[in-house]
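J.: Structure file start.txt (compact mmCIF, C-alpha atoms) is given on the next line.
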```
# COMPACT_ATOMS: atom_id res chain seq x y z
CA MET A 1 2.21 -35.25 11.29
CA ASP A 2 3.39 -31.68 10.65
CA LYS A 3 0.92 -28.93 9.87
CA THR A 4 1.46 -25.84 7.76
CA LEU A 5 2.03 -22.46 9.43
CA LEU A 6 2.37 -18.75 8.70
CA VAL A 7 4.93 -16.80 10.71
CA TYR A 8 4.37 -13.04 10.69
CA THR A 9 7.01 -10.47 11.55
CA THR A 10 8.27 -7.07 10.39
CA PHE A 11 11.65 -5.78 9.22
CA PRO A 12 12.99 -2.21 9.00
CA ASP A 13 12.94 -2.39 5.21
CA GLU A 14 12.42 -4.59 2.16
CA ARG A 15 16.12 -5.17 1.43
CA LEU A 16 16.95 -6.49 4.90
CA ALA A 17 13.79 -8.58 4.82
CA ALA A 18 14.64 -10.12 1.44
CA ASP A 19 18.18 -10.93 2.60
CA ALA A 20 16.83 -12.75 5.66
CA ALA A 21 14.20 -14.48 3.52
CA ARG A 22 16.83 -15.89 1.13
CA GLU A 23 18.93 -17.12 4.04
CA LEU A 24 16.06 -18.85 5.84
CA VAL A 25 14.63 -20.39 2.64
CA ARG A 26 18.16 -21.59 1.74
CA ARG A 27 18.33 -23.28 5.17
CA ARG A 28 14.94 -24.90 4.42
CA LEU A 29 13.30 -23.23 7.41
CA ALA A 30 10.53 -21.83 5.18
CA ALA A 31 9.29 -22.74 1.71
CA CYS A 32 8.32 -19.19 0.84
CA VAL A 33 8.50 -15.68 2.25
CA ASN A 34 6.23 -12.78 1.27
CA VAL A 35 7.66 -9.30 1.90
CA ILE A 36 5.19 -6.38 1.80
CA PRO A 37 7.02 -3.02 1.82
CA GLY A 38 5.71 0.39 2.83
CA MET A 39 3.86 -0.57 6.01
CA GLN A 40 3.37 2.11 8.69
CA SER A 41 3.76 0.79 12.22
CA VAL A 42 2.32 2.47 15.33
CA TYR A 43 3.41 0.79 18.58
CA ALA A 44 3.89 1.21 22.29
CA TRP A 45 7.45 1.13 23.51
CA HIS A 46 8.25 1.67 27.19
CA GLY A 47 5.30 3.96 27.75
CA GLU A 48 5.74 5.98 24.56
CA ILE A 49 3.88 5.70 21.23
CA GLU A 50 6.38 5.25 18.44
CA GLU A 51 5.93 5.13 14.67
CA GLY A 52 7.98 3.87 11.79
CA ARG A 53 7.99 2.61 8.25
CA GLU A 54 8.59 -1.17 7.96
CA ALA A 55 8.10 -4.21 5.73
CA VAL A 56 5.63 -6.95 6.70
CA VAL A 57 7.26 -10.38 6.30
CA ILE A 58 5.22 -13.60 6.16
CA PHE A 59 6.95 -17.00 6.19
CA LYS A 60 5.18 -20.16 4.99
CA THR A 61 6.51 -23.21 6.81
CA ARG A 62 5.59 -26.30 8.85
CA THR A 63 5.10 -26.88 12.57
CA GLY A 64 8.21 -29.03 12.71
CA ARG A 65 10.36 -26.07 11.64
CA ARG A 66 8.63 -23.47 13.82
CA ASP A 67 11.13 -23.24 16.68
CA GLU A 68 14.18 -23.44 14.40
CA LEU A 69 12.71 -20.70 12.16
CA VAL A 70 11.90 -18.38 15.08
CA THR A 71 15.37 -18.89 16.59
CA ALA A 72 17.10 -18.31 13.25
CA LEU A 73 14.85 -15.32 12.51
CA ARG A 74 15.77 -13.68 15.81
CA ALA A 75 19.46 -14.34 15.09
CA VAL A 76 19.42 -12.67 11.66
CA HIS A 77 17.00 -9.89 12.60
CA PRO A 78 18.39 -6.39 13.15
CA TYR A 79 16.00 -5.69 16.05
CA GLU A 80 16.88 -6.82 19.56
CA THR A 81 13.25 -7.96 20.06
CA PRO A 82 11.55 -8.61 16.73
CA VAL A 83 7.79 -9.12 17.03
CA VAL A 84 7.08 -12.67 15.86
CA MET A 85 3.58 -14.13 15.63
CA ILE A 86 2.63 -17.61 14.53
CA LEU A 87 -0.63 -18.46 12.83
CA GLU A 88 -1.99 -21.93 12.23
CA ALA A 89 -2.93 -22.00 8.56
CA ALA A 90 -4.24 -25.04 6.74
CA ALA A 91 -3.28 -25.45 3.11
CA ASP A 92 -4.79 -27.20 0.14
CA ASP A 93 -3.12 -30.51 -0.74
CA ALA A 94 -0.77 -29.18 -3.41
CA THR A 95 0.37 -26.29 -1.22
CA ALA A 96 0.90 -28.55 1.80
CA ALA A 97 2.92 -31.04 -0.26
CA TRP A 98 5.11 -28.24 -1.61
CA ILE A 99 5.75 -26.71 1.84
CA MET A 100 6.59 -30.11 3.31
CA ARG A 101 8.93 -30.94 0.41
CA GLU A 102 10.79 -27.59 0.52
CA THR A 103 11.23 -27.67 4.32
CA ALA A 104 12.21 -31.33 4.61
CA ASP A 105 15.64 -32.13 6.08
CA MET B 106 -23.07 -23.64 11.68
CA ASP B 107 -20.57 -22.09 9.26
CA LYS B 108 -17.60 -20.12 10.56
CA THR B 109 -15.80 -17.23 8.89
CA LEU B 110 -12.47 -17.80 7.17
CA LEU B 111 -9.60 -15.98 5.49
CA VAL B 112 -8.06 -17.59 2.41
CA TYR B 113 -4.58 -16.28 1.59
CA THR B 114 -2.93 -16.63 -1.81
CA THR B 115 -0.79 -14.64 -4.23
CA PHE B 116 -1.21 -13.60 -7.88
CA PRO B 117 1.37 -12.45 -10.43
CA ASP B 118 -0.10 -8.93 -10.38
CA GLU B 119 -2.91 -6.71 -9.14
CA ARG B 120 -4.93 -6.72 -12.38
CA LEU B 121 -5.13 -10.52 -12.62
CA ALA B 122 -5.92 -10.67 -8.90
CA ALA B 123 -8.74 -8.13 -9.19
CA ASP B 124 -10.22 -9.97 -12.18
CA ALA B 125 -10.30 -13.23 -10.21
CA ALA B 126 -11.67 -11.41 -7.17
CA ARG B 127 -14.62 -9.99 -9.13
CA GLU B 128 -15.39 -13.41 -10.59
CA LEU B 129 -15.30 -15.25 -7.28
CA VAL B 130 -17.29 -12.54 -5.43
CA ARG B 131 -19.84 -12.57 -8.28
CA ARG B 132 -20.17 -16.36 -7.79
CA ARG B 133 -20.72 -15.70 -4.04
CA LEU B 134 -17.65 -17.74 -3.07
CA ALA B 135 -16.28 -14.81 -1.04
CA ALA B 136 -17.87 -11.68 0.38
CA CYS B 137 -14.75 -9.58 -0.02
CA VAL B 138 -11.24 -9.80 -1.45
CA ASN B 139 -8.29 -7.63 -0.40
CA VAL B 140 -5.51 -7.30 -3.00
CA ILE B 141 -2.16 -5.93 -1.77
CA PRO B 142 0.16 -5.13 -4.68
CA GLY B 143 3.93 -4.79 -4.70
CA MET B 144 4.83 -7.81 -2.58
CA GLN B 145 8.29 -9.40 -3.06
CA SER B 146 8.24 -13.17 -2.89
CA VAL B 147 11.28 -15.35 -2.11
CA TYR B 148 10.58 -19.08 -2.47
CA ALA B 149 12.09 -22.50 -3.01
CA TRP B 150 11.23 -24.19 -6.27
CA HIS B 151 12.73 -27.57 -7.15
CA GLY B 152 15.93 -26.92 -5.23
CA GLU B 153 16.42 -23.36 -6.43
CA ILE B 154 15.64 -20.07 -4.66
CA GLU B 155 13.42 -17.95 -6.87
CA GLU B 156 12.16 -14.40 -6.46
CA GLY B 157 9.35 -12.38 -7.96
CA ARG B 158 7.01 -9.48 -7.54
CA GLU B 159 3.41 -10.50 -6.73
CA ALA B 160 0.14 -9.32 -5.21
CA VAL B 161 -1.10 -10.76 -1.88
CA VAL B 162 -4.77 -11.72 -2.16
CA ILE B 163 -6.95 -12.34 0.90
CA PHE B 164 -10.49 -13.71 0.54
CA LYS B 165 -13.09 -13.35 3.33
CA THR B 166 -15.56 -16.21 3.22
CA ARG B 167 -17.23 -18.98 5.25
CA THR B 168 -16.26 -22.59 5.97
CA GLY B 169 -19.16 -23.85 3.86
CA ARG B 170 -17.65 -22.18 0.76
CA ARG B 171 -14.05 -23.16 1.46
CA ASP B 172 -13.68 -26.12 -0.92
CA GLU B 173 -15.70 -24.47 -3.70
CA LEU B 174 -13.59 -21.30 -3.36
CA VAL B 175 -10.25 -23.17 -3.41
CA THR B 176 -11.35 -25.24 -6.44
CA ALA B 177 -12.59 -22.18 -8.31
CA LEU B 178 -9.47 -20.20 -7.31
CA ARG B 179 -7.20 -22.91 -8.71
CA ALA B 180 -9.27 -22.97 -11.92
CA VAL B 181 -9.00 -19.20 -12.55
CA HIS B 182 -5.42 -18.86 -11.30
CA PRO B 183 -2.63 -18.43 -13.86
CA TYR B 184 -0.21 -20.58 -11.85
CA GLU B 185 -0.27 -24.35 -12.18
CA THR B 186 0.14 -24.69 -8.40
CA PRO B 187 -1.02 -21.52 -6.63
CA VAL B 188 -0.09 -21.44 -2.95
CA VAL B 189 -3.37 -21.38 -1.01
CA MET B 190 -3.53 -21.14 2.78
CA ILE B 191 -6.64 -21.10 4.91
CA LEU B 192 -6.89 -19.32 8.24
CA GLU B 193 -9.68 -19.68 10.76
CA ALA B 194 -10.71 -16.13 11.59
CA ALA B 195 -13.55 -15.22 13.90
CA ALA B 196 -15.51 -12.07 13.10
CA ASP B 197 -17.57 -9.65 15.10
CA ASP B 198 -21.34 -10.12 14.74
CA ALA B 199 -21.89 -7.53 12.02
CA THR B 200 -18.99 -8.81 9.93
CA ALA B 201 -20.08 -12.43 10.31
CA ALA B 202 -23.66 -11.60 9.31
CA TRP B 203 -22.43 -9.74 6.22
CA ILE B 204 -20.10 -12.57 5.13
CA MET B 205 -22.83 -15.17 5.60
CA ARG B 206 -25.36 -13.03 3.68
CA GLU B 207 -23.02 -12.32 0.74
CA THR B 208 -21.91 -15.97 0.41
CA ALA B 209 -25.32 -17.54 0.85
CA ASP B 210 -26.69 -19.65 -2.06
CA MET C 211 -4.26 -16.72 30.97
CA ASP C 212 -4.59 -14.35 28.04
CA LYS C 213 -3.42 -15.33 24.60
CA THR C 214 -2.08 -13.09 21.85
CA LEU C 215 -4.31 -12.12 18.91
CA LEU C 216 -4.27 -10.36 15.56
CA VAL C 217 -7.28 -8.23 14.65
CA TYR C 218 -7.60 -7.52 10.93
CA THR C 219 -9.66 -4.70 9.47
CA THR C 220 -9.48 -2.07 6.72
CA PHE C 221 -9.71 1.72 6.68
CA PRO C 222 -10.47 4.13 3.82
CA ASP C 223 -6.88 5.40 3.90
CA GLU C 224 -3.57 5.37 5.74
CA ARG C 225 -4.04 8.68 7.57
CA LEU C 226 -7.36 7.71 9.14
CA ALA C 227 -5.93 4.30 9.98
CA ALA C 228 -2.86 5.78 11.68
CA ASP C 229 -5.02 8.20 13.69
CA ALA C 230 -7.15 5.32 14.96
CA ALA C 231 -4.03 3.25 15.63
CA ARG C 232 -2.49 5.96 17.83
CA GLU C 233 -5.74 6.34 19.77
CA LEU C 234 -6.20 2.62 20.42
CA VAL C 235 -2.52 2.05 21.30
CA ARG C 236 -2.71 5.07 23.64
CA ARG C 237 -5.72 3.43 25.35
CA ARG C 238 -3.65 0.21 25.67
CA LEU C 239 -6.11 -1.78 23.57
CA ALA C 240 -3.31 -2.94 21.24
CA ALA C 241 0.47 -3.04 21.60
CA CYS C 242 1.11 -2.43 17.95
CA VAL C 243 -0.76 -1.65 14.72
CA ASN C 244 0.51 -2.35 11.20
CA VAL C 245 -1.05 -0.22 8.46
CA ILE C 246 -0.55 -1.40 4.86
CA PRO C 247 -1.65 1.26 2.37
CA GLY C 248 -2.63 0.86 -1.26
CA MET C 249 -4.83 -2.23 -0.98
CA GLN C 250 -7.54 -2.78 -3.61
CA SER C 251 -10.77 -4.15 -2.19
CA VAL C 252 -13.42 -6.01 -4.22
CA TYR C 253 -16.56 -6.77 -2.22
CA ALA C 254 -20.25 -7.57 -2.38
CA TRP C 255 -22.57 -4.92 -1.02
CA HIS C 256 -26.34 -5.39 -1.20
CA GLY C 257 -26.21 -7.42 -4.38
CA GLU C 258 -23.66 -5.23 -6.17
CA ILE C 259 -19.90 -5.74 -6.60
CA GLU C 260 -18.08 -2.69 -5.34
CA GLU C 261 -14.40 -1.74 -5.45
CA GLY C 262 -12.22 0.69 -3.60
CA ARG C 263 -8.76 1.57 -2.48
CA GLU C 264 -8.16 1.00 1.27
CA ALA C 265 -5.49 0.40 3.91
CA VAL C 266 -5.17 -2.98 5.63
CA VAL C 267 -4.87 -2.52 9.40
CA ILE C 268 -3.60 -5.28 11.70
CA PHE C 269 -3.73 -4.88 15.49
CA LYS C 270 -1.56 -7.00 17.82
CA THR C 271 -3.27 -7.49 21.16
CA ARG C 272 -4.41 -10.03 23.76
CA THR C 273 -7.64 -12.02 24.17
CA GLY C 274 -8.50 -10.04 27.29
CA ARG C 275 -8.66 -6.81 25.25
CA ARG C 276 -10.47 -8.30 22.26
CA ASP C 277 -14.02 -7.07 22.95
CA GLU C 278 -12.88 -3.64 24.19
CA LEU C 279 -10.70 -3.24 21.07
CA VAL C 280 -13.48 -4.26 18.65
CA THR C 281 -15.98 -1.93 20.38
CA ALA C 282 -13.53 0.98 20.38
CA LEU C 283 -12.51 0.24 16.78
CA ARG C 284 -16.11 0.37 15.63
CA ALA C 285 -16.60 3.64 17.52
CA VAL C 286 -13.63 5.40 15.90
CA HIS C 287 -14.08 3.84 12.46
CA PRO C 288 -15.56 6.00 9.67
CA TYR C 289 -17.55 3.07 8.23
CA GLU C 290 -20.93 2.18 9.64
CA THR C 291 -20.03 -1.53 9.45
CA PRO C 292 -16.25 -2.01 9.40
CA VAL C 293 -15.21 -5.57 8.57
CA VAL C 294 -13.37 -6.91 11.63
CA MET C 295 -11.78 -10.35 11.75
CA ILE C 296 -9.95 -11.89 14.66
CA LEU C 297 -7.13 -14.41 14.30
CA GLU C 298 -5.63 -16.48 17.06
CA ALA C 299 -1.90 -15.98 16.74
CA ALA C 300 0.68 -17.44 19.10
CA ALA C 301 3.80 -15.39 19.76
CA ASP C 302 7.31 -16.20 20.81
CA ASP C 303 8.04 -15.47 24.49
CA ALA C 304 9.54 -12.02 24.02
CA THR C 305 6.70 -10.89 21.76
CA ALA C 306 4.04 -12.26 24.10
CA ALA C 307 5.63 -10.55 27.11
CA TRP C 308 5.74 -7.24 25.23
CA ILE C 309 2.11 -7.45 24.09
CA MET C 310 0.94 -8.35 27.59
CA ARG C 311 2.96 -5.51 29.13
CA GLU C 312 1.76 -2.86 26.65
CA THR C 313 -1.91 -3.87 26.95
CA ALA C 314 -1.99 -4.33 30.70
CA ASP C 315 -4.40 -2.10 32.69
```
Starting from the coordinates I provided, produce the structure as structure tokens.
T.:
Amino acid sequence: MDKTLLVYTTFPDERLAADAARELVRRRLAACVNVIPGMQSVYAWHGEIEEGREAVVIFKTRTGRRDELVTALRAVHPYETPVVMILEAAADDATAAWIMRETAD
Amino acid sequence: MDKTLLVYTTFPDERLAADAARELVRRRLAACVNVIPGMQSVYAWHGEIEEGREAVVIFKTRTGRRDELVTALRAVHPYETPVVMILEAAADDATAAWIMRETAD
Amino acid sequence: MDKTLLVYTTFPDERLAADAARELVRRRLAACVNVIPGMQSVYAWHGEIEEGREAVVIFKTRTGRRDELVTALRAVHPYETPVVMILEAAADDATAAWIMRETAD
């Protein structure tokens, strides 16, 4: 049986993130996407420390959609290598039922 | 022995979220609540794609308080079906001791 | 084999958080740090309910760096007892390879 998941990534800005969110929810790859603008990112990139302003983007989905979501996310994402992390997250019954319903085939 | 947990939900706005946070911390159902305003949510609802501005709300608690917290959260929440996700999250010793102390009976 | 991790904490403000982020990324204890300003915290502290404005800080690292990162984080943190929570988070291949590379010795 599928479990519920959170998929965490970042986008250059809120508008691009919201566009991707609509597309991936429309394709039933996530039930919900939370976009948090105004994040400051500090990261290592080929030996240098880089900084930038980004939006945090959190997808709520199911294990059965994980690979499809990650593949689709990479395809729509403006970065060549978006950072994508996947967290197991249980849900209360009503939340789980909703996520399963909205990400069903 | 209880473990530490993060409970992730969203509220319509920061004020309602902070009110609920005070109530649930007062009732020792969480040691701490982090409210992140200004989040943009994109979600599927009965076949439509809806959008809205919300606050992310993250509760830090213990496994022994999980069900009580989720029940109380649903009771104080303005939504009929708040989306509630539960993440196992270890903590360093000092953090764990604090969470256990502040959520003890 | 190491796994990827998220380490979640909070700082009094974005500037202090970004300073710590640069230091810990420079020391290869995290590949990336996301700083989300403007968070409102409600928490229990010695029987009182306290509130404050903080920044959420999320480190992306590997299990092999966990203890070093938490120790270093506590050393650079302005709080006596920073709240530090650790979440297991899988990553897609490209993300995992990047985190491992940027946190290697």
J.: Take chain A, lay it over chain B with a least-squares fit on all the Cα atoms in order, then hand it over as a tab-separated table (two decimals) with C-alpha atoms, keeping the file's coordinate frame.
T.:
```tsv
chain	number	residue	atom	x	y	z
A	1	MET	CA	-23.06	-23.66	11.69
A	2	ASP	CA	-20.57	-22.08	9.28
A	3	LYS	CA	-17.60	-20.12	10.57
A	4	THR	CA	-15.82	-17.23	8.90
A	5	LEU	CA	-12.48	-17.79	7.17
A	6	LEU	CA	-9.60	-15.96	5.48
A	7	VAL	CA	-8.06	-17.58	2.42
A	8	TYR	CA	-4.59	-16.28	1.57
A	9	THR	CA	-2.93	-16.63	-1.81
A	10	THR	CA	-0.79	-14.63	-4.24
A	11	PHE	CA	-1.21	-13.60	-7.88
A	12	PRO	CA	1.38	-12.44	-10.43
A	13	ASP	CA	-0.09	-8.94	-10.38
A	14	GLU	CA	-2.90	-6.72	-9.14
A	15	ARG	CA	-4.91	-6.74	-12.38
A	16	LEU	CA	-5.13	-10.53	-12.62
A	17	ALA	CA	-5.92	-10.68	-8.92
A	18	ALA	CA	-8.74	-8.13	-9.20
A	19	ASP	CA	-10.23	-9.98	-12.18
A	20	ALA	CA	-10.29	-13.23	-10.21
A	21	ALA	CA	-11.67	-11.41	-7.17
A	22	ARG	CA	-14.63	-10.00	-9.14
A	23	GLU	CA	-15.39	-13.42	-10.60
A	24	LEU	CA	-15.30	-15.25	-7.27
A	25	VAL	CA	-17.29	-12.55	-5.42
A	26	ARG	CA	-19.84	-12.59	-8.29
A	27	ARG	CA	-20.17	-16.37	-7.78
A	28	ARG	CA	-20.71	-15.70	-4.04
A	29	LEU	CA	-17.65	-17.74	-3.08
A	30	ALA	CA	-16.28	-14.81	-1.04
A	31	ALA	CA	-17.87	-11.67	0.39
A	32	CYS	CA	-14.75	-9.58	-0.02
A	33	VAL	CA	-11.24	-9.80	-1.44
A	34	ASN	CA	-8.29	-7.63	-0.40
A	35	VAL	CA	-5.51	-7.31	-2.99
A	36	ILE	CA	-2.16	-5.93	-1.76
A	37	PRO	CA	0.17	-5.13	-4.69
A	38	GLY	CA	3.94	-4.80	-4.70
A	39	MET	CA	4.84	-7.82	-2.58
A	40	GLN	CA	8.29	-9.40	-3.06
A	41	SER	CA	8.24	-13.19	-2.89
A	42	VAL	CA	11.28	-15.36	-2.11
A	43	TYR	CA	10.58	-19.09	-2.46
A	44	ALA	CA	12.09	-22.50	-3.00
A	45	TRP	CA	11.25	-24.17	-6.27
A	46	HIS	CA	12.74	-27.56	-7.16
A	47	GLY	CA	15.93	-26.93	-5.24
A	48	GLU	CA	16.43	-23.36	-6.43
A	49	ILE	CA	15.65	-20.07	-4.65
A	50	GLU	CA	13.43	-17.95	-6.86
A	51	GLU	CA	12.16	-14.40	-6.45
A	52	GLY	CA	9.36	-12.39	-7.95
A	53	ARG	CA	7.02	-9.48	-7.55
A	54	GLU	CA	3.41	-10.51	-6.73
A	55	ALA	CA	0.13	-9.33	-5.20
A	56	VAL	CA	-1.09	-10.76	-1.89
A	57	VAL	CA	-4.78	-11.72	-2.16
A	58	ILE	CA	-6.95	-12.33	0.91
A	59	PHE	CA	-10.50	-13.70	0.54
A	60	LYS	CA	-13.08	-13.34	3.32
A	61	THR	CA	-15.56	-16.21	3.23
A	62	ARG	CA	-17.23	-18.98	5.24
A	63	THR	CA	-16.27	-22.58	5.97
A	64	GLY	CA	-19.15	-23.84	3.86
A	65	ARG	CA	-17.66	-22.19	0.76
A	66	ARG	CA	-14.04	-23.16	1.46
A	67	ASP	CA	-13.68	-26.11	-0.91
A	68	GLU	CA	-15.68	-24.47	-3.71
A	69	LEU	CA	-13.58	-21.29	-3.38
A	70	VAL	CA	-10.26	-23.17	-3.42
A	71	THR	CA	-11.34	-25.23	-6.45
A	72	ALA	CA	-12.59	-22.16	-8.32
A	73	LEU	CA	-9.47	-20.19	-7.33
A	74	ARG	CA	-7.20	-22.89	-8.73
A	75	ALA	CA	-9.27	-22.95	-11.94
A	76	VAL	CA	-9.00	-19.19	-12.56
A	77	HIS	CA	-5.42	-18.84	-11.31
A	78	PRO	CA	-2.64	-18.43	-13.87
A	79	TYR	CA	-0.21	-20.58	-11.86
A	80	GLU	CA	-0.26	-24.36	-12.21
A	81	THR	CA	0.14	-24.68	-8.41
A	82	PRO	CA	-1.02	-21.53	-6.64
A	83	VAL	CA	-0.09	-21.44	-2.95
A	84	VAL	CA	-3.37	-21.38	-1.01
A	85	MET	CA	-3.55	-21.14	2.78
A	86	ILE	CA	-6.65	-21.09	4.92
A	87	LEU	CA	-6.89	-19.31	8.23
A	88	GLU	CA	-9.68	-19.67	10.76
A	89	ALA	CA	-10.71	-16.13	11.60
A	90	ALA	CA	-13.56	-15.21	13.90
A	91	ALA	CA	-15.51	-12.08	13.10
A	92	ASP	CA	-17.58	-9.65	15.10
A	93	ASP	CA	-21.34	-10.12	14.74
A	94	ALA	CA	-21.90	-7.52	12.03
A	95	THR	CA	-18.99	-8.81	9.94
A	96	ALA	CA	-20.09	-12.44	10.32
A	97	ALA	CA	-23.67	-11.59	9.32
A	98	TRP	CA	-22.43	-9.74	6.24
A	99	ILE	CA	-20.10	-12.57	5.14
A	100	MET	CA	-22.84	-15.16	5.62
A	101	ARG	CA	-25.37	-13.04	3.70
A	102	GLU	CA	-23.03	-12.33	0.74
A	103	THR	CA	-21.92	-15.97	0.42
A	104	ALA	CA	-25.35	-17.56	0.85
A	105	ASP	CA	-26.68	-19.68	-2.03
```
J.: With all atoms listed in the file considered, list every residue of chain B at most 12 Å from chain A, as a ChimeraX atom specification.
T.: /B:110-116,140-162,171-176,178-179,185-194
J.: Provide the CA of Pro78 in chain A to CA of Asp212 in chain C distance in Å, to one decimal place.
T.: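 The value is 28.5 Å.
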J.: Padding 3 Å on every side, please: axis-aligned box over the listed atoms of range 230-240 of chain C, centre and edge lengths to one decimal in Å, as lines of an AutoDock Vina configuration file.
T.:
```
center_x = -4.8
center_y = 1.7
center_z = 20.3
size_x = 10.7
size_y = 15.3
size_z = 16.7
```
J.: Can you measure CA of Arg62 in chain A to CA of Met1 in chain A for me? One decimal in Å is fine.
T.: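 Going from CA of Arg62 in chain A over to CA of Met1 in chain A, I get 9.9 Å.
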J.: Enter the distance from CA of Leu121 in chain B to CA of Leu134 in chain B, in Å, rounded to one decimal.
T.: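 These atoms are spaced 17.3 Å apart.
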